[in-house]
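A.B. asks: Pasting data.cif below, which is mmCIF, C-alpha atoms.
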data_coords
#
loop_
_atom_site.label_atom_id
_atom_site.label_comp_id
_atom_site.auth_asym_id
_atom_site.auth_seq_id
_atom_site.Cartn_x
_atom_site.Cartn_y
_atom_site.Cartn_z
CA MET A 295 -35.31 9.31 -55.95
CA SER A 296 -33.01 10.37 -58.77
CA SER A 297 -30.39 7.72 -58.01
CA LEU A 298 -29.59 5.21 -60.71
CA TRP A 299 -30.05 2.37 -58.25
CA ALA A 300 -33.62 3.37 -57.41
CA LYS A 301 -34.52 3.75 -61.10
CA ASN A 302 -33.12 0.30 -61.84
CA ALA A 303 -34.94 -1.16 -58.81
CA ILE A 304 -38.28 0.13 -60.06
CA LYS A 305 -37.51 -1.15 -63.53
CA SER A 306 -36.66 -4.59 -62.12
CA ILE A 307 -40.00 -4.81 -60.30
CA GLN A 308 -41.90 -3.67 -63.38
CA ALA A 309 -40.05 -6.24 -65.51
CA ASP A 310 -40.95 -8.95 -62.99
CA TYR A 311 -44.59 -7.89 -63.28
CA GLN A 312 -44.45 -8.10 -67.07
CA ARG A 313 -43.27 -11.71 -66.75
CA SER A 314 -46.30 -12.60 -64.63
CA ALA A 315 -49.73 -13.62 -65.92
CA ASP A 316 -53.05 -12.66 -64.35
CA THR A 317 -54.61 -15.08 -61.87
CA HIS A 318 -57.47 -17.40 -62.81
CA LEU A 319 -61.13 -16.86 -62.05
CA ILE A 320 -62.67 -20.27 -61.27
CA ARG A 321 -66.42 -20.81 -61.55
CA LEU A 322 -67.95 -23.26 -59.08
CA ASN A 323 -71.16 -25.08 -59.97
CA LEU A 324 -73.74 -24.81 -57.18
CA PRO A 325 -76.67 -27.02 -58.29
CA MET A 326 -78.54 -26.40 -55.03
CA PHE A 327 -78.55 -22.66 -55.82
CA PRO A 328 -79.79 -22.44 -59.43
CA GLY A 329 -79.11 -19.12 -61.11
CA ILE A 330 -76.43 -18.19 -58.56
CA HIS A 331 -72.83 -18.41 -59.78
CA LEU A 332 -69.89 -18.51 -57.38
CA TYR A 333 -66.39 -17.59 -58.52
CA LEU A 334 -62.99 -17.96 -56.85
CA LYS A 335 -60.22 -15.55 -57.86
CA ASP A 336 -57.22 -17.86 -57.46
CA GLU A 337 -54.45 -15.72 -55.98
CA SER A 338 -52.37 -18.78 -55.05
CA THR A 339 -50.92 -18.81 -58.59
CA HIS A 340 -48.74 -15.74 -58.01
CA PRO A 341 -44.95 -16.43 -57.98
CA THR A 342 -44.92 -16.32 -54.18
CA GLY A 343 -48.16 -18.25 -53.82
CA SER A 344 -50.63 -15.76 -52.37
CA LEU A 345 -52.71 -12.62 -52.72
CA LYS A 346 -49.96 -10.77 -50.83
CA HIS A 347 -47.71 -10.83 -53.90
CA ARG A 348 -49.75 -7.91 -55.28
CA LEU A 349 -49.42 -6.01 -52.01
CA ALA A 350 -45.69 -6.62 -51.66
CA ARG A 351 -45.05 -5.32 -55.18
CA SER A 352 -47.11 -2.20 -54.49
CA LEU A 353 -45.43 -1.57 -51.14
CA PHE A 354 -41.95 -1.76 -52.66
CA LEU A 355 -42.87 0.57 -55.51
CA TYR A 356 -44.52 2.98 -53.07
CA ALA A 357 -41.46 3.03 -50.81
CA LEU A 358 -39.03 3.37 -53.72
CA THR A 359 -40.89 6.27 -55.34
CA ASN A 360 -41.11 7.99 -51.95
CA GLY A 361 -37.35 7.68 -51.57
CA TRP A 362 -37.60 5.52 -48.44
CA ILE A 363 -35.55 2.62 -49.82
CA LYS A 364 -32.02 3.05 -51.08
CA GLU A 365 -29.29 0.67 -52.11
CA GLY A 366 -28.51 -1.68 -49.22
CA THR A 367 -31.46 -0.55 -47.04
CA PRO A 368 -32.58 -3.37 -44.72
CA ILE A 369 -36.31 -4.06 -45.10
CA ILE A 370 -38.32 -4.95 -41.99
CA GLU A 371 -41.94 -6.04 -42.02
CA ALA A 372 -44.54 -7.02 -39.43
CA SER A 373 -46.37 -10.03 -40.81
CA SER A 374 -48.12 -13.28 -40.00
CA GLY A 375 -46.35 -14.88 -42.93
CA SER A 376 -47.68 -14.46 -46.47
CA THR A 377 -46.78 -10.78 -46.91
CA ALA A 378 -43.33 -11.53 -45.55
CA VAL A 379 -42.86 -14.36 -48.07
CA SER A 380 -43.72 -12.02 -50.93
CA GLU A 381 -41.62 -9.14 -49.59
CA ALA A 382 -38.65 -11.49 -49.15
CA TYR A 383 -39.02 -12.34 -52.85
CA PHE A 384 -38.86 -8.68 -53.89
CA ALA A 385 -36.08 -7.89 -51.43
CA ARG A 386 -34.00 -10.66 -53.00
CA LEU A 387 -34.84 -9.31 -56.46
CA LEU A 388 -33.34 -5.97 -55.41
CA GLY A 389 -30.45 -7.41 -53.39
CA LEU A 390 -31.75 -6.04 -50.07
CA PRO A 391 -31.61 -7.70 -46.63
CA PHE A 392 -35.04 -8.63 -45.28
CA ILE A 393 -36.32 -9.39 -41.76
CA ALA A 394 -39.86 -10.56 -40.99
CA VAL A 395 -41.20 -9.89 -37.49
CA MET A 396 -43.91 -12.45 -36.79
CA PRO A 397 -45.68 -14.41 -34.06
CA SER A 398 -43.88 -17.57 -32.97
CA CYS A 399 -46.96 -19.63 -33.95
CA THR A 400 -46.58 -18.78 -37.68
CA ALA A 401 -46.86 -21.82 -39.96
CA LYS A 402 -43.49 -23.56 -40.45
CA ARG A 403 -43.91 -23.68 -44.22
CA LYS A 404 -44.15 -19.88 -44.40
CA ILE A 405 -40.99 -19.55 -42.32
CA GLN A 406 -39.21 -21.92 -44.70
CA GLU A 407 -40.36 -19.91 -47.72
CA ILE A 408 -39.16 -16.63 -46.22
CA GLU A 409 -35.77 -18.21 -45.60
CA PHE A 410 -35.75 -19.71 -49.11
CA TYR A 411 -35.88 -16.17 -50.51
CA GLY A 412 -33.01 -15.13 -48.26
CA GLY A 413 -35.07 -13.46 -45.54
CA LYS A 414 -34.68 -13.83 -41.79
CA CYS A 415 -37.43 -14.37 -39.23
CA HIS A 416 -37.63 -12.53 -35.91
CA PHE A 417 -40.24 -13.96 -33.56
CA VAL A 418 -42.46 -12.39 -30.90
CA GLU A 419 -44.87 -14.18 -28.57
CA HIS A 420 -48.06 -12.30 -29.48
CA SER A 421 -49.30 -10.72 -32.71
CA ALA A 422 -49.87 -7.40 -30.94
CA LEU A 423 -46.10 -7.08 -30.40
CA ILE A 424 -45.07 -7.14 -34.06
CA TYR A 425 -45.52 -3.41 -34.68
CA GLN A 426 -43.31 -2.08 -31.90
CA GLU A 427 -40.62 -4.67 -32.50
CA SER A 428 -40.53 -3.90 -36.24
CA GLU A 429 -40.11 -0.19 -35.51
CA ARG A 430 -37.33 -0.95 -33.04
CA LEU A 431 -35.43 -3.16 -35.50
CA ALA A 432 -35.76 -0.63 -38.32
CA LYS A 433 -34.34 2.11 -36.10
CA GLU A 434 -31.55 -0.11 -34.80
CA LEU A 435 -30.49 -1.28 -38.28
CA ASN A 436 -31.11 2.04 -40.05
CA GLY A 437 -33.59 0.18 -42.19
CA HIS A 438 -37.08 0.76 -43.57
CA TYR A 439 -40.15 -0.59 -41.78
CA MET A 440 -42.49 -1.41 -44.68
CA ASP A 441 -45.59 -1.30 -42.40
CA GLN A 442 -48.18 -3.05 -44.53
CA PHE A 443 -50.89 -2.35 -41.95
CA THR A 444 -50.58 1.40 -42.54
CA TYR A 445 -49.68 1.62 -46.22
CA ALA A 446 -51.66 -1.22 -47.82
CA GLU A 447 -54.66 0.97 -48.61
CA ARG A 448 -52.64 3.76 -50.19
CA ALA A 449 -49.86 1.88 -51.98
CA THR A 450 -52.29 0.29 -54.46
CA ASP A 451 -53.89 2.36 -57.22
CA TRP A 452 -57.57 1.71 -56.45
CA ARG A 453 -58.73 3.44 -59.65
CA GLY A 454 -57.33 0.69 -61.85
CA ASN A 455 -53.88 -0.10 -63.27
CA ASN A 456 -54.65 -3.85 -63.19
CA ASN A 457 -55.40 -3.99 -59.48
CA ILE A 458 -57.36 -6.99 -58.23
CA ALA A 459 -60.71 -5.22 -58.54
CA GLU A 460 -60.18 -4.24 -62.16
CA SER A 461 -58.99 -7.78 -62.91
CA ILE A 462 -62.14 -9.31 -61.40
CA PHE A 463 -64.54 -7.12 -63.38
CA ARG A 464 -62.58 -7.61 -66.60
CA GLN A 465 -62.68 -11.40 -66.21
CA MET A 466 -66.40 -11.30 -65.46
CA GLN A 467 -67.30 -9.44 -68.68
CA LEU A 468 -68.49 -12.51 -70.63
CA GLU A 469 -70.17 -14.27 -67.72
CA PRO A 470 -74.00 -14.55 -67.43
CA PHE A 471 -73.92 -11.96 -64.63
CA PRO A 472 -70.95 -9.71 -65.46
CA GLU A 473 -71.60 -7.37 -62.55
CA PRO A 474 -71.45 -9.46 -59.36
CA THR A 475 -74.16 -9.05 -56.77
CA TYR A 476 -71.52 -9.47 -54.08
CA ILE A 477 -67.76 -9.53 -53.71
CA VAL A 478 -66.68 -11.23 -50.48
CA MET A 479 -63.30 -10.53 -48.90
CA SER A 480 -61.66 -11.20 -45.54
CA ALA A 481 -59.49 -8.52 -43.92
CA GLY A 482 -55.91 -8.68 -42.69
CA THR A 483 -54.47 -5.26 -43.32
CA GLY A 484 -57.76 -4.12 -44.82
CA GLY A 485 -55.93 -2.97 -47.94
CA THR A 486 -57.63 -5.32 -50.40
CA SER A 487 -61.11 -4.51 -49.14
CA ALA A 488 -60.24 -0.79 -49.42
CA THR A 489 -59.15 -1.28 -53.03
CA LEU A 490 -62.25 -3.31 -53.91
CA GLY A 491 -64.68 -0.93 -52.22
CA ARG A 492 -63.16 2.20 -53.73
CA TYR A 493 -62.99 0.71 -57.22
CA ILE A 494 -66.64 -0.41 -57.09
CA ARG A 495 -67.73 3.12 -56.17
CA TYR A 496 -65.37 4.81 -58.60
CA GLN A 497 -66.74 2.75 -61.49
CA GLY A 498 -70.35 3.18 -60.41
CA TYR A 499 -71.09 -0.54 -59.99
CA ASN A 500 -74.01 -1.79 -57.90
CA THR A 501 -71.93 -4.65 -56.50
CA LYS A 502 -71.90 -4.85 -52.72
CA LEU A 503 -68.67 -5.50 -50.84
CA ILE A 504 -69.07 -7.87 -47.90
CA VAL A 505 -66.12 -8.33 -45.54
CA VAL A 506 -65.89 -11.55 -43.52
CA ASP A 507 -63.99 -11.62 -40.24
CA PRO A 508 -62.79 -14.50 -38.04
CA GLU A 509 -63.23 -14.79 -34.30
CA ASN A 510 -60.84 -12.85 -32.01
CA SER A 511 -60.60 -10.02 -34.54
CA VAL A 512 -61.66 -6.44 -33.82
CA PHE A 513 -62.76 -5.58 -37.37
CA TYR A 514 -66.31 -6.87 -36.79
CA ASP A 515 -66.87 -4.73 -33.70
CA CYS A 516 -64.98 -1.81 -35.25
CA TYR A 517 -67.42 -1.79 -38.17
CA HIS A 518 -70.66 -2.35 -36.27
CA GLN A 519 -69.82 -0.05 -33.35
CA ASN A 520 -68.14 2.59 -35.55
CA ARG A 521 -65.07 2.58 -33.30
CA ARG A 522 -61.42 2.51 -34.33
CA ASP A 523 -60.01 2.44 -30.79
CA LEU A 524 -60.83 -1.21 -30.08
CA CYS A 525 -58.09 -3.70 -29.20
CA GLY A 526 -58.37 -7.45 -28.75
CA GLY A 527 -56.82 -9.55 -26.03
CA THR A 528 -56.05 -12.59 -28.19
CA GLY A 529 -54.92 -13.07 -31.77
CA SER A 530 -56.90 -14.62 -34.60
CA LYS A 531 -56.48 -18.36 -35.11
CA ILE A 532 -57.04 -17.93 -38.84
CA GLU A 533 -53.60 -17.04 -40.09
CA GLY A 534 -53.33 -13.99 -42.33
CA ILE A 535 -56.67 -12.39 -41.45
CA GLY A 536 -58.24 -10.81 -38.40
CA ARG A 537 -56.30 -8.36 -36.25
CA PRO A 538 -56.04 -7.39 -32.56
CA ARG A 539 -56.49 -3.71 -33.49
CA ALA A 540 -58.30 -1.70 -36.15
CA GLU A 541 -55.48 -1.30 -38.65
CA PRO A 542 -54.96 2.09 -40.35
CA SER A 543 -55.55 0.47 -43.76
CA PHE A 544 -58.97 -0.84 -42.77
CA ILE A 545 -61.56 1.56 -44.25
CA PRO A 546 -65.03 0.69 -42.88
CA THR A 547 -66.83 3.30 -44.98
CA VAL A 548 -66.20 1.46 -48.27
CA ILE A 549 -67.80 -1.76 -46.94
CA ASP A 550 -71.51 -2.61 -47.33
CA ASP A 551 -71.60 -5.16 -44.50
CA LEU A 552 -69.27 -7.15 -42.29
CA ILE A 553 -70.02 -10.75 -41.22
CA GLN A 554 -68.27 -12.70 -38.49
CA VAL A 555 -67.42 -16.31 -39.37
CA PRO A 556 -66.83 -18.95 -36.66
CA ASP A 557 -63.35 -20.49 -36.83
CA LEU A 558 -64.88 -23.97 -36.90
CA ALA A 559 -66.91 -22.99 -39.97
CA THR A 560 -63.75 -21.72 -41.66
CA ILE A 561 -61.92 -25.02 -41.18
CA ALA A 562 -64.92 -27.11 -42.17
CA THR A 563 -65.19 -25.10 -45.39
CA ILE A 564 -61.59 -25.74 -46.50
CA TYR A 565 -62.18 -29.49 -46.07
CA TRP A 566 -65.41 -29.24 -48.08
CA LEU A 567 -63.74 -27.12 -50.74
CA GLU A 568 -60.83 -29.55 -51.14
CA LYS A 569 -63.28 -32.31 -52.15
CA PHE A 570 -64.90 -29.95 -54.63
CA ILE A 571 -61.87 -28.42 -56.39
CA GLY A 572 -59.33 -31.16 -55.72
CA ARG A 573 -56.73 -29.15 -53.81
CA LYS A 574 -56.05 -27.62 -50.45
CA THR A 575 -56.52 -23.92 -49.72
CA GLY A 576 -55.48 -21.71 -46.84
CA ALA A 577 -57.87 -21.07 -43.97
CA SER A 578 -58.65 -17.48 -45.01
CA THR A 579 -60.17 -18.93 -48.18
CA GLY A 580 -62.46 -20.98 -45.96
CA THR A 581 -63.62 -17.80 -44.24
CA ASN A 582 -64.29 -16.21 -47.64
CA VAL A 583 -66.18 -19.18 -49.07
CA TRP A 584 -68.30 -19.74 -45.94
CA GLY A 585 -69.41 -16.12 -46.16
CA ALA A 586 -70.12 -16.43 -49.88
CA LEU A 587 -72.22 -19.56 -49.33
CA GLN A 588 -74.32 -17.80 -46.68
CA LEU A 589 -75.00 -15.01 -49.17
CA ALA A 590 -75.84 -17.54 -51.89
CA LYS A 591 -78.40 -19.12 -49.56
CA GLN A 592 -79.91 -15.71 -48.82
CA MET A 593 -80.18 -14.95 -52.53
CA HIS A 594 -81.77 -18.34 -53.18
CA ASP A 595 -84.30 -17.87 -50.37
CA ASN A 596 -85.16 -14.44 -51.79
CA LYS A 597 -85.53 -15.91 -55.30
CA GLN A 598 -82.62 -13.82 -56.60
CA GLN A 599 -80.13 -14.70 -59.30
CA GLY A 600 -76.64 -13.32 -59.80
CA ALA A 601 -72.93 -13.81 -59.20
CA ILE A 602 -70.75 -13.86 -56.10
CA VAL A 603 -66.97 -13.47 -56.33
CA THR A 604 -64.53 -14.25 -53.56
CA LEU A 605 -60.82 -14.99 -53.25
CA LEU A 606 -58.70 -18.10 -52.96
CA CYS A 607 -55.95 -16.36 -51.05
CA ASP A 608 -53.21 -19.00 -50.83
CA SER A 609 -52.48 -22.72 -50.99
CA GLY A 610 -53.22 -25.09 -48.15
CA GLU A 611 -49.82 -26.72 -48.60
CA ARG A 612 -48.49 -24.03 -46.26
CA TYR A 613 -50.70 -25.33 -43.44
CA LEU A 614 -50.23 -29.10 -43.45
CA ASP A 615 -48.98 -29.06 -39.86
CA THR A 616 -51.88 -26.93 -38.61
CA TYR A 617 -55.24 -26.65 -40.40
CA TYR A 618 -54.80 -29.98 -42.19
CA ASN A 619 -53.56 -31.76 -39.07
CA PRO A 620 -56.67 -33.19 -37.30
CA GLU A 621 -54.93 -33.33 -33.92
CA TRP A 622 -53.83 -29.69 -34.15
CA VAL A 623 -57.31 -28.59 -35.22
CA MET A 624 -58.99 -30.48 -32.36
CA ASN A 625 -56.56 -29.06 -29.79
CA ASN A 626 -56.54 -25.48 -31.07
CA ILE A 627 -59.93 -24.88 -32.71
CA GLY A 628 -62.25 -27.80 -31.93
CA ASP A 629 -64.58 -30.30 -33.57
CA VAL A 630 -65.69 -29.10 -37.02
CA THR A 631 -68.38 -31.78 -37.50
CA GLN A 632 -71.35 -29.51 -36.78
CA TYR A 633 -70.31 -27.13 -39.56
CA LEU A 634 -69.45 -29.85 -42.06
CA THR A 635 -73.07 -30.99 -41.87
CA GLN A 636 -74.24 -27.46 -42.71
CA LEU A 637 -72.27 -27.24 -45.95
CA PRO A 638 -74.13 -28.15 -49.15
CA LYS A 639 -73.69 -31.43 -50.97
CA LEU A 640 -71.91 -30.97 -54.27
CA ASN A 641 -71.62 -33.51 -57.10
CA GLY A 642 -72.04 -36.40 -54.72
CA TYR A 643 -69.59 -35.09 -52.12
CA GLU A 644 -70.68 -34.56 -48.56
#
Write the structure described by the file as structure tokens, please.
C.D. replies:
Amino acid sequence: MSSLWAKNAIKSIQADYQRSADTHLIRLNLPMFPGIHLYLKDESTHPTGSLKHRLARSLFLYALTNGWIKEGTPIIEASSGSTAVSEAYFARLLGLPFIAVMPSCTAKRKIQEIEFYGGKCHFVEHSALIYQESERLAKELNGHYMDQFTYAERATDWRGNNNIAESIFRQMQLEPFPEPTYIVMSAGTGGTSATLGRYIRYQGYNTKLIVVDPENSVFYDCYHQNRRDLCGGTGSKIEGIGRPRAEPSFIPTVIDDLIQVPDLATIATIYWLEKFIGRKTGASTGTNVWGALQLAKQMHDNKQQGAIVTLLCDSGERYLDTYYNPEWVMNNIGDVTQYLTQLPKLNGYE
């Protein structure tokens, strides 16, 4: 790690970080749940448009300081899209070739963004195949397999250093309930939930971490059955979250509960949320917000007051041909009407 190139690479990433502002914490007014405040941490405002920008930066720094990446090293990553977009950005920053191994059903907009940053896309038919193919390509090209699913939980400093958990609690300091009752987070690698859960315990907060999981993901059963050997037969239809295996970065012991969210509820929620905040969000945000609203209802029924924080993971503009295409939704997920009627009315919207 003593090479001049590696030192300059780390400096370049740190300089890029210094040019970036923190992401916004948006408070939503829930008149039907008085005394319960819901917040969205808007991760779509990162330079590469998603929560995964934080992860990609950490993964590159982790690999550089470990001496795994050298000048000219090809970078290979297994990804359903957003992490690959962010890693392509950092690979271009360092002048490194980048290949994303992803399912062929990945949203077209994400593919275009990876290519915009100079990356290449290598497709497989099923999400379960991305790991083996990434390892094969890295060996063949003498490259480095970034492996977000293994290293996400250890590449980020969970004790602080402006990670997402520290940012949330800092931004909540002047709110009516500065210590949230709940933080709600969906799991892809499991790295963000690991960071949140560890930070909450390290700081001694009473906040509970609730993970929400889509259908066709093994995280729900992994948590409730206390088994890490489970594998799923089909991939999640909610891009970016849910996995066919219990990823190494998923740490069940830092979670207070795990809730499964129907895919139809996820899609209904992003339509509801668009009317409320005036812009489209990715489907994983719908999973997060549906879970947060169920907790808000529980708190209201129990006559509790407090705050709930969840994440707006990325923009819905990446999914215009899928989640915001009614024909695609009907053919691939189904009729969302029953869940739209379950969502609360807000400021005259239904």
A.B. asks: Quick one: which range 298-385 of chain A residues come within 12 Å of range 625-639 of chain A, and what is the nearest atom pair for each with the distance in Å to one decimal, counting all atoms listed in the file, rows ordered by chain and ascending number, as JSON lines?
C.D. replies:
{"residue": "A:Asn323", "atom": "CA", "partner": "A:Lys639", "partner_atom": "CA", "distance": 11.3}
{"residue": "A:Leu324", "atom": "CA", "partner": "A:Pro638", "partner_atom": "CA", "distance": 8.7}
{"residue": "A:Pro325", "atom": "CA", "partner": "A:Lys639", "partner_atom": "CA", "distance": 9.1}
{"residue": "A:Met326", "atom": "CA", "partner": "A:Pro638", "partner_atom": "CA", "distance": 7.6}
{"residue": "A:Phe327", "atom": "CA", "partner": "A:Pro638", "partner_atom": "CA", "distance": 9.7}
A.B. asks: Using the chain letters and numbers from the file, give me the residues hit by the PyMOL selection byres ((chain A and resi 487) around 9), as a list in words.
C.D. replies: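 Output of the PyMOL selection byres ((chain A and resi 487) around 9): Glu447, Val478, Met479, Ser480, Ala481, Thr483, Gly484, Gly485, Thr486, Ala488, Thr489, Leu490, Gly491, Arg492, Leu503, Ile504, Val505, Phe544, Ile545, Val548 and Ile549 of chain A.
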A.B. asks: Could you state the separation of CA of Ile564 in chain A and CA of Asn596 in chain A in Å, given to one decimal place?
C.D. replies: 26.7 Å
A.B. asks: For Met593 in chain A, which residue among A:His331, A:His438, A:His416, A:Arg495 is the nearest when counting all atoms listed in the file?
C.D. replies: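 Closest residue, counting all atoms listed in the file: A:His331.
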A.B. asks: Under the PyMOL selection byres ((chain A and resi 321) around 7), which residues of this model are included? Write them out as a ChimeraX atom specification.
C.D. replies: /A:319-320,322-323,332-334
A.B. asks: Expressed in Å to a single decimal, how great is the separation between CA of Thr560 in chain A and CA of Tyr514 in chain A?
C.D. replies: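 We find that CA of Thr560 in chain A and CA of Tyr514 in chain A lie 15.8 Å from each other.
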A.B. asks: Evaluate the PyMOL selection byres ((chain A and resi 414) around 12) against this structure - the residues, as JSON, numbers by chain, please.
C.D. replies: {"A": [368, 369, 370, 371, 375, 378, 379, 381, 382, 383, 385, 386, 390, 391, 392, 393, 394, 395, 396, 404, 405, 406, 407, 408, 409, 410, 411, 412, 413, 415, 416, 417]}
A.B. asks: From the options A:Ser344, A:Gln519, A:Ser374, A:Thr604, which residue's atoms come nearest to Leu589 in chain A, counting only C-alpha atoms?
C.D. replies: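 Once distances to Leu589 in chain A are computed over only C-alpha atoms, the minimum belongs to A:Thr604.
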A.B. asks: Give me the range 532-584 of chain A side of the contact with range 421-435 of chain A, cut-off 9 Å, one line per residue showing its nearest atom pair and distance in Å at one decimal, counting all atoms listed in the file, sorted by chain and residue number, as a tab-separated table.
C.D. replies:
residue	atom	partner	partner_atom	distance
A:Arg537	CA	A:Ser421	CA	8.2
A:Pro538	CA	A:Ala422	CA	6.4
A:Arg539	CA	A:Ala422	CA	8.0
A.B. asks: Could you jot down the CA of His318 in chain A to CA of Pro474 in chain A separation for me, Å, one decimal place?
C.D. replies: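 Here the two named atoms are 16.4 Å from each other.
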A.B. asks: May I ask which of the residues A:Ala562, A:Leu388, A:Ile602, A:Met466 is the closest one to Met624 in chain A, counting all atoms listed in the file?
C.D. replies: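 The shortest atom-to-atom distance to Met624 in chain A comes from A:Ala562.
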A.B. asks: Please list, as JSON, numbers by chain, the residues that have an atom at most 9 Å away from (-46.8, -14.5, -25.2) in the coordinates of this file, counting only C-alpha atoms.
C.D. replies: {"A": [397, 398, 418, 419, 420, 421]}
A.B. asks: List every protein, DNA or RNA residue with an atom no more than 8 Å from (-46.7, -3.0, -41.5) in the file's coordinates, counting all atoms listed in the file, and format the result as a ChimeraX atom specification.
C.D. replies: /A:371-373,425,439-445
A.B. asks: Give me, as CSV, the closest atom pair and its distance (Å, one decimal) for every residue of range 459-544 of chain A within a cut-off of 8 Å of range 565-588 of chain A, counting all atoms listed in the file, rows sorted by chain and rising number.
C.D. replies:
residue,atom,partner,partner_atom,distance
A:Val478,CA,A:Asn582,CA,6.2
A:Met479,CA,A:Asn582,CA,5.9
A:Ser480,CA,A:Asn582,CA,6.0
A:Val506,CA,A:Gly585,CA,6.3
A:Asp507,CA,A:Thr581,CA,7.4
A:Pro508,CA,A:Thr581,CA,7.1
A:Ile532,CA,A:Ala577,CA,6.1
A:Glu533,CA,A:Ala577,CA,7.0
A:Gly534,CA,A:Ser578,CA,6.9
A:Ile535,CA,A:Ser578,CA,6.5
A.B. asks: Let me make sure I understand: among A:Ile477, A:Leu552, A:Gly498, A:Thr339, which one has the smallest atom-to-atom distance to Val512 in chain A if we use all atoms listed in the file?
C.D. replies: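 For Val512 in chain A, the nearest of the candidates is A:Leu552.
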A.B. asks: Let me know the centre plus edge lengths, in Å and rounded to one decimal, of a box with edges along x, y and z that contains all listed atoms of range 388-394 of chain A and is padded by 5 Å on every side, as JSON.
C.D. replies:
{"center_x": -35.2, "center_y": -8.3, "center_z": -48.2, "size_x": 19.4, "size_y": 14.6, "size_z": 24.4}
